[in-house]
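Okay, structure first, notes after.
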Amino acid sequence: MTISIDQVRRRAEADAKTYGYYLVPDPDLLQAFLEGLKVNEDRYGYPLCPCRLASGKFEFDRDIICPCDYRDPDVAQYGACYCRLYVNKAVYESKNLPDVPERRPIEKQNRAYTPQTAAEETTQEKPPTPETPKPTVQPTAKSSAAKGEVKKKLWYCKQCGYVVFREDPPYVCPICKAKREMFAEIEAGVELNG
Amino acid sequence: MEFKKVSGSRNEHKVTLYALSTCVWCKMTKQLFNDNGIEYEYVDVDLLDEKDKEKARQAITSKGGPLSYPTTIIDDNTLITGFRKDRFKEVLGV
């Protein structure tokens with residue numbers, strides 16, 4: 001099943017409104033962004049950033065699913081996200097789009113190129129199958145060092161108590177807007193004796 | 001890795017463009033080259049298989065570029081990251 005451009009547009013508009021952002025003022029650019037998001041959602045099963053390269057694996061790509069993890073700090077610092085789909089009020093009104101450098105760490109970018117750890121090429125190489133990957137979160141993270149998985153941890157916001165289970169804490173707390181520094185890891189363990 | 005070639009009247013430079021098929025600024029770059037008759041070759045990295053993706057990564061990083069798209073490499077020595085009209089003007093005169 002594919003998603004319509006209108007659905008993509010409504011979702012982006014609603015998200016911009018929630019966070020106090022604007023969508024890029026140029027209607028042709030906006031349309032092109034929405035089309036890129038639609039293509040990626042049809043291809044991968046999630047609306048991957050149209051300006052970045054996907055690995056096709058949800059766990060590797062989750063930080064660049066639009067709106068990406070980097071949007072909030074990028075809009076705060078530059079007035080726009082990396083793509084410049086989301087902008088702040090000043091940019092929206094001036095129509096001058098700033099240059100926004102890539103904030104995503106290089107280690108994460110590299111996962112789109114060598115998702116299977118290049119050293120182990122002995123297993124049969126299967127081409128990426130665009131239709132199948134579904135955003136299935138595996139709560140049991142069986143031997144998290146296994147290739148193709150990331151090590152997820154529990155993080156909590158010391159300011160408001162918001163808890164997330166993922167590789168890194170968010171740049172900005174989605175609940176109270178506290179900065180990343182306010183997040184701490186929750187050390188969870190299982191007692192086996194007794 | 002197979003490049004698509006776009007011929008143009010202005011072919012004094014070797015212009016290689018690494019793009020994504022979904023990327024708006026990559027489309028703008030192609031459009032700018034097309035409108036100005038710049039001859040260039042391009043590849044949409046998101047449509048490549050894994051081996052060729054890795055080749056594209058090496059081609060970009062070996063020139064010192066960040067892994068951002070569009071990346072334009074001119075005459076194998078000048079790398080321009082992004083849809084930088086000012087840089088294109090400087091190097092290609094468009």
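Chain labels A, B, ... are given in the sequence in which chains occur in the structure tokens; within each chain residues are numbered consecutively from 1, and ligands are likewise numbered from 1 in the order shown.
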With chain A as the partner and 8 Å as the cut-off, tabulate the residues of chain B that qualify, each row holding the nearest pair of atoms and their distance in Å to one decimal, using only C-alpha atoms, sorted by chain and rising number, as a Markdown table.
```
| residue | atom | partner | partner_atom | distance |
| --- | --- | --- | --- | --- |
| B:Leu20 | CA | A:Cys51 | CA | 7.1 |
| B:Thr22 | CA | A:Gly36 | CA | 4.4 |
| B:Cys23 | CA | A:Cys51 | CA | 4.7 |
| B:Val24 | CA | A:Ala32 | CA | 6.0 |
| B:Trp25 | CA | A:Cys51 | CA | 7.8 |
| B:Val45 | CA | A:Leu53 | CA | 7.7 |
| B:Asp46 | CA | A:Leu53 | CA | 6.1 |
| B:Asp49 | CA | A:Pro127 | CA | 6.6 |
| B:Glu50 | CA | A:Tyr113 | CA | 6.6 |
| B:Lys53 | CA | A:Tyr113 | CA | 5.8 |
| B:Glu54 | CA | A:Tyr113 | CA | 5.4 |
| B:Arg57 | CA | A:Tyr113 | CA | 7.2 |
| B:Leu67 | CA | A:Gln109 | CA | 7.4 |
| B:Ser68 | CA | A:Glu102 | CA | 7.2 |
| B:Tyr69 | CA | A:Cys51 | CA | 6.8 |
```
Which polymer residues have any atom within 9 Å of an atom of B:Val6, counting only C-alpha atoms, with same-chain residues fewer than 4 positions away left out, as a PyMOL selection string? chain B and resi 34+38-42
Shell of 10 Å around A:Gly161, only C-alpha atoms, local chain residues under 5 positions omitted, as a PyMOL selection string: chain A and resi 155-156+173+175-176+183
Since we have the selection now, will you write its residues out, keeping N, CA and C atoms, as a JSON list (two decimals), in the first residue's frame?
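Result written to selection38.json:
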```
[["chain", "number", "residue", "atom", "x", "y", "z"],
["A", 155, "TRP", "N", 17.12, 5.48, 28.38],
["A", 155, "TRP", "CA", 17.58, 6.81, 28.77],
["A", 155, "TRP", "C", 16.40, 7.55, 29.41],
["A", 156, "TYR", "N", 16.70, 8.33, 30.43],
["A", 156, "TYR", "CA", 15.61, 9.13, 31.00],
["A", 156, "TYR", "C", 16.02, 10.59, 31.10],
["A", 173, "CYS", "N", 14.68, 16.88, 24.52],
["A", 173, "CYS", "CA", 13.58, 16.09, 25.08],
["A", 173, "CYS", "C", 12.27, 16.50, 24.40],
["A", 175, "ILE", "N", 9.36, 16.11, 25.35],
["A", 175, "ILE", "CA", 8.32, 16.52, 26.30],
["A", 175, "ILE", "C", 8.61, 17.90, 26.88],
["A", 176, "CYS", "N", 9.81, 18.06, 27.47],
["A", 176, "CYS", "CA", 10.08, 19.31, 28.20],
["A", 176, "CYS", "C", 11.13, 20.17, 27.52],
["A", 183, "PHE", "N", 19.86, 14.03, 29.76],
["A", 183, "PHE", "CA", 19.51, 12.61, 29.72],
["A", 183, "PHE", "C", 20.59, 11.76, 30.38]]
```
So which residues touch B:Ala56 within 9 Å, counting only C-alpha atoms, skipping near sequence neighbours fewer than 4 positions away, as a PyMOL selection string? chain B and resi 1+18+43+45+51-52+60-61
Dump N, CA and C atoms for the selected residues as a PDB file, in the first residue's frame?
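See part_4.pdb below for the written result:
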```
ATOM      1  N   MET B   1      30.420   0.760 -11.364  1.00  0.00           N
ATOM      2  CA  MET B   1      29.441   1.826 -11.138  1.00  0.00           C
ATOM      3  C   MET B   1      29.181   2.538 -12.461  1.00  0.00           C
ATOM      4  N   TYR B  18      27.455  13.084  -7.815  1.00  0.00           N
ATOM      5  CA  TYR B  18      26.905  12.011  -6.991  1.00  0.00           C
ATOM      6  C   TYR B  18      25.625  12.541  -6.364  1.00  0.00           C
ATOM      7  N   VAL B  43      25.342   9.834 -11.012  1.00  0.00           N
ATOM      8  CA  VAL B  43      24.862   8.554 -10.545  1.00  0.00           C
ATOM      9  C   VAL B  43      23.942   8.824  -9.346  1.00  0.00           C
ATOM     10  N   VAL B  45      23.006   7.522  -6.092  1.00  0.00           N
ATOM     11  CA  VAL B  45      23.634   6.544  -5.204  1.00  0.00           C
ATOM     12  C   VAL B  45      22.605   5.649  -4.498  1.00  0.00           C
ATOM     13  N   LYS B  51      27.821  -2.805  -3.429  1.00  0.00           N
ATOM     14  CA  LYS B  51      29.222  -2.642  -3.848  1.00  0.00           C
ATOM     15  C   LYS B  51      29.454  -1.269  -4.460  1.00  0.00           C
ATOM     16  N   ASP B  52      28.512  -0.855  -5.308  1.00  0.00           N
ATOM     17  CA  ASP B  52      28.678   0.435  -5.958  1.00  0.00           C
ATOM     18  C   ASP B  52      28.466   1.593  -4.983  1.00  0.00           C
ATOM     19  N   ILE B  60      33.923   9.812  -2.957  1.00  0.00           N
ATOM     20  CA  ILE B  60      33.669  11.102  -2.308  1.00  0.00           C
ATOM     21  C   ILE B  60      34.663  11.346  -1.173  1.00  0.00           C
ATOM     22  N   THR B  61      34.862  10.330  -0.330  1.00  0.00           N
ATOM     23  CA  THR B  61      35.726  10.565   0.829  1.00  0.00           C
ATOM     24  C   THR B  61      37.201  10.675   0.424  1.00  0.00           C
TER      25      THR B  61
END
```
Point-to-point distance from atom CA of A:Gln159 to atom CA of A:Pro174, Å rounded to tenths: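 For atom CA of A:Gln159 relative to atom CA of A:Pro174, the distance reads 11.7 Å.
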Name the residues of stretch 36-122 of chain A that fall into strand (DSSP E or B) according to DSSP on the backbone, using the chain letters and numbers of this document, as a list in words. Leu48, Ile65, Ala80, Tyr86 and Val87 of chain A
Go ahead and save the picked residues with C-alpha atoms, as a PDB file, in the first residue's frame.
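Wrote result-v1.pdb, looks like this:
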```pdb
ATOM      1  CA  LEU A  48      13.313   8.428   5.331  1.00  0.00           C
ATOM      2  CA  ILE A  65      13.337   9.188   9.595  1.00  0.00           C
ATOM      3  CA  ALA A  80      16.306  25.152   9.145  1.00  0.00           C
ATOM      4  CA  TYR A  86      11.413  22.576   8.148  1.00  0.00           C
ATOM      5  CA  VAL A  87      12.361  26.170   8.840  1.00  0.00           C
TER       6      VAL A  87
END
```
What lies within 9 Å of stretch 79-86 of chain B using only C-alpha atoms, ignoring chain neighbours under 5 positions off, as a PyMOL selection string? (chain A and resi 99) or (chain B and resi 25-26+28-29+32+60+63-74+91+94)
Near-stretch 90-95 of chain A list (8 Å; only C-alpha atoms; drop same-chain fewer than 3 positions) as a PDB file with N, CA and C atoms, in the first residue's frame:
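The result, written out as part22.pdb:
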```pdb
ATOM      1  N   TYR A  22       7.823  25.997  10.421  1.00  0.00           N
ATOM      2  CA  TYR A  22       7.140  26.241   9.155  1.00  0.00           C
ATOM      3  C   TYR A  22       7.730  25.295   8.121  1.00  0.00           C
ATOM      4  N   LEU A  23       6.958  25.052   7.068  1.00  0.00           N
ATOM      5  CA  LEU A  23       7.519  24.284   5.956  1.00  0.00           C
ATOM      6  C   LEU A  23       8.112  25.278   4.960  1.00  0.00           C
ATOM      7  N   VAL A  24       9.072  24.815   4.195  1.00  0.00           N
ATOM      8  CA  VAL A  24       9.785  25.683   3.258  1.00  0.00           C
ATOM      9  C   VAL A  24       8.778  26.508   2.435  1.00  0.00           C
ATOM     10  N   PRO A  25       8.986  27.825   2.328  1.00  0.00           N
ATOM     11  CA  PRO A  25       7.949  28.668   1.709  1.00  0.00           C
ATOM     12  C   PRO A  25       7.778  28.456   0.199  1.00  0.00           C
ATOM     13  N   ASP A  26       8.810  28.035  -0.509  1.00  0.00           N
ATOM     14  CA  ASP A  26       8.704  27.858  -1.963  1.00  0.00           C
ATOM     15  C   ASP A  26       7.851  26.623  -2.275  1.00  0.00           C
ATOM     16  N   GLY A  79      18.267  27.712  11.779  1.00  0.00           N
ATOM     17  CA  GLY A  79      16.977  28.212  11.304  1.00  0.00           C
ATOM     18  C   GLY A  79      16.282  27.258  10.353  1.00  0.00           C
ATOM     19  N   ALA A  80      16.911  26.122  10.051  1.00  0.00           N
ATOM     20  CA  ALA A  80      16.306  25.152   9.145  1.00  0.00           C
ATOM     21  C   ALA A  80      16.915  23.781   9.412  1.00  0.00           C
ATOM     22  N   VAL A  87      11.621  24.930   8.571  1.00  0.00           N
ATOM     23  CA  VAL A  87      12.361  26.170   8.840  1.00  0.00           C
ATOM     24  C   VAL A  87      11.700  26.905  10.009  1.00  0.00           C
ATOM     25  N   PRO A  98      19.194  28.990   4.732  1.00  0.00           N
ATOM     26  CA  PRO A  98      20.600  28.929   5.151  1.00  0.00           C
ATOM     27  C   PRO A  98      21.254  27.628   4.676  1.00  0.00           C
TER      28      PRO A  98
END
```
